[in-house]
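Below is one structure; the comments refer to it alone.
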Amino acid sequence: MSLIQLIYTSTVSETFEEKDLTAILASAKKANAEANITGLLCFDGNFFMQCLEGDRSQINATYAKILSDKRHQALELLAYSTIDKRSYSQWEMGLVPKAALSRPLNLLYTASGLFEPYSMSAASAAQFLRALRNAMPLL
Ligand code: FAD
C-alpha cells in the first residue's frame, strides 16, 4: 500500500449554493472515514482547494468521484505524490475557515496576495495547506 497526497483546485459551478458545502462536508467525512482518507478543504466562496491523503487506490477512486461532481468545475490537479506520513491525520476532512485565507498568508505563496490556487506550484500548494493546518483548530 502506497500512501499518496493529492491536491487539486476547482471553481464552484453556477448552480452551487452555500448550503451545498454542508452536504459536501458531511458526505466527505463519512466516506473518507470508511476509506481511511484524511485531508483539508479550503473554500473562499469561489475556489475550492483540497488535499486528500491515503491509500493510492482509495485516493484515485475518491478523486474520480470528485471529478464528476457537478457542484464544481474546472478541476486542476496541483500535486500528486507519495508521502512518508500524513499531514492531516486528525481530519477526515477539515474545513479551513474563510478568514484563515488571509492576505499575509496569500502573499507568501502568490504574486497578488489573493487566494489564487490555480497559480500555485505543487510545492506552494502543499506548503500553503500545511501553514493553514498549523493555524487552525480541530473542527
Ligand atoms: P452519489 O451520492 O450516488 O451521487 C451521484 C452523483 O450525484 C455524483 O456524481 C455526485 O457527485 C452527485 N451528487 C451527490 N450529491 C449531490 C448534491 N447534493 N447535489 C448535486 N450533486 C450531487 N467525497 C468524498 O468521498 N470525499 C471527499 O473528500 C470529497 N470532497 C469533495 C469536495 C468537493 C469540493 C466536492 C464538490 C465534492 C466532494 N466530495 C467528496 C463528494 C463527491 O464528489 C461525491 O459527491 C461523493 O463522493 C458521493 O459520490 P457517489 O458516486 O457515491 O455519488
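Residues in the C-alpha cells are named by chain (A, B, ... in the order shown) and by number from 1 within that chain; ligands are numbered from 1 in the order shown.
With a cut-off of 6 Å and using only C-alpha atoms and all ligand atoms, the polymer residues contacting ligand 1 are Ile24, Ala28, Ala31, Asn32, Phe48, Thr62, Lys65, Ile66, Ser68, Asp69, Lys70, Arg71 and His72 of chain A.
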Worksheet item: DSSP says alpha helix (DSSP H) for which residues of chain A? Put them as number ranges by chain?
Response: A: 18-35, 56-67, 103-109, 122-135
Practice prompt. Point out the residue among A:Asn134, A:Asn36, A:Thr82, A:Ser87 with the least atom-to-atom distance to Cys51 of chain A, counting only C-alpha atoms.
Written response: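 Among A:Asn134, A:Asn36, A:Thr82, A:Ser87, it is A:Ser87 that comes nearest to Cys51 of chain A.
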Discussion item. Need to verify the contact set: Gly54 of chain A, 10 Å, only C-alpha atoms, exclusion of same-chain residues closer than 3 positions in sequence. Can you return it as a PyMOL selection string?
Written reply: chain A and resi 1-6+32+35-39+57-60+82-83+85-86+89
Deliver the residues from the most recent selection as a file, using C-alpha atoms, as an mmCIF file, in the first residue's frame.
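This went into selection-v3.cif:
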data_model
loop_
_atom_site.group_PDB
_atom_site.id
_atom_site.type_symbol
_atom_site.label_atom_id
_atom_site.label_comp_id
_atom_site.auth_asym_id
_atom_site.auth_seq_id
_atom_site.Cartn_x
_atom_site.Cartn_y
_atom_site.Cartn_z
ATOM 1 C CA MET A 1 0.000 0.000 0.000
ATOM 2 C CA SER A 2 1.348 3.344 -1.047
ATOM 3 C CA LEU A 3 0.492 6.499 0.891
ATOM 4 C CA ILE A 4 -0.439 9.307 -1.522
ATOM 5 C CA GLN A 5 -1.146 13.003 -1.182
ATOM 6 C CA LEU A 6 -3.269 14.661 -3.855
ATOM 7 C CA ASN A 32 -13.351 9.362 3.974
ATOM 8 C CA ALA A 35 -11.690 4.755 3.247
ATOM 9 C CA ASN A 36 -9.083 5.979 5.786
ATOM 10 C CA ILE A 37 -8.712 9.197 3.823
ATOM 11 C CA THR A 38 -7.743 12.385 5.635
ATOM 12 C CA GLY A 39 -7.356 15.939 4.395
ATOM 13 C CA SER A 57 -6.353 3.219 -4.882
ATOM 14 C CA GLN A 58 -8.728 4.896 -2.400
ATOM 15 C CA ILE A 59 -7.420 8.347 -3.337
ATOM 16 C CA ASN A 60 -7.770 7.618 -7.054
ATOM 17 C CA THR A 82 3.868 9.564 -2.484
ATOM 18 C CA ILE A 83 4.402 10.676 1.104
ATOM 19 C CA LYS A 85 3.491 10.295 6.553
ATOM 20 C CA ARG A 86 0.208 12.142 6.608
ATOM 21 C CA SER A 89 -4.259 12.675 10.200
#
Worksheet item: Closest to Glu14 of chain A among A:Ala122, A:Ala131, A:Ala74, A:Leu95, using only C-alpha atoms?
Response: A:Ala74
Item to complete: Assign secondary structure with DSSP using the backbone only, and return the residues of segment 11-66 of chain A in strand (DSSP E) as a PyMOL selection string.
Response: chain A and resi 11-12+38-43+47-55
Output file for the selection above: C-alpha atoms, as a CSV table (one decimal), in the first residue's frame:
chain,number,residue,atom,x,y,z
A,11,THR,CA,-14.3,26.6,-9.1
A,12,VAL,CA,-17.9,26.5,-7.9
A,38,THR,CA,-7.7,12.4,5.6
A,39,GLY,CA,-7.4,15.9,4.4
A,40,LEU,CA,-8.2,19.6,4.3
A,41,LEU,CA,-10.7,21.7,2.3
A,42,CYS,CA,-10.3,25.4,1.6
A,43,PHE,CA,-13.2,27.4,0.2
A,47,PHE,CA,-12.5,28.5,-5.4
A,48,PHE,CA,-12.0,25.1,-3.7
A,49,MET,CA,-8.6,23.8,-2.9
A,50,GLN,CA,-8.5,20.3,-1.3
A,51,CYS,CA,-5.9,17.9,-0.1
A,52,LEU,CA,-6.6,14.2,0.1
A,53,GLU,CA,-4.2,11.7,1.6
A,54,GLY,CA,-4.4,8.0,2.0
A,55,ASP,CA,-4.0,4.7,0.1
Discussion item. Just the number, please: distance in Å from atom CA of Ala126 of chain A to atom CA of Asp20 of chain A, one decimal.
Written reply: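 Interatomic distance here is 25.6 Å.
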Worksheet entry | Top pick for closest residue to Met136 of chain A, considering A:Ser102, A:Arg56, A:Pro97, A:Leu114 and counting only C-alpha atoms | A:Pro97
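When only C-alpha atoms are used to compute distances to Leu105 of chain A, the closest of the residues A:Ala135, A:Glu92, A:Asp84, A:Ala123 turns out to be A:Ala135.
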Item to complete: Could you check which of A:Gln73, A:Ser119, A:Thr110, A:Gln90 is closest to Ser13 of chain A, using only C-alpha atoms?
Response: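 Going through A:Gln73, A:Ser119, A:Thr110, A:Gln90 one by one, the smallest distance to Ser13 of chain A is for A:Gln73.
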Practice prompt. Considering only C-alpha atoms, state which residue in the set A:Leu77, A:Leu132, A:Val96, A:Leu25 is at the smallest distance from Pro117 of chain A.
Written response: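 Looking at the shortest contact to Pro117 of chain A, the residue is A:Leu77.
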Worksheet entry | Long-range neighbours of Met120 of chain A as a ChimeraX atom specification, 10 Å cut-off, only C-alpha atoms, 4 positions minimum in chain | /A:9,78-79,109-111,115-116,124-126,128
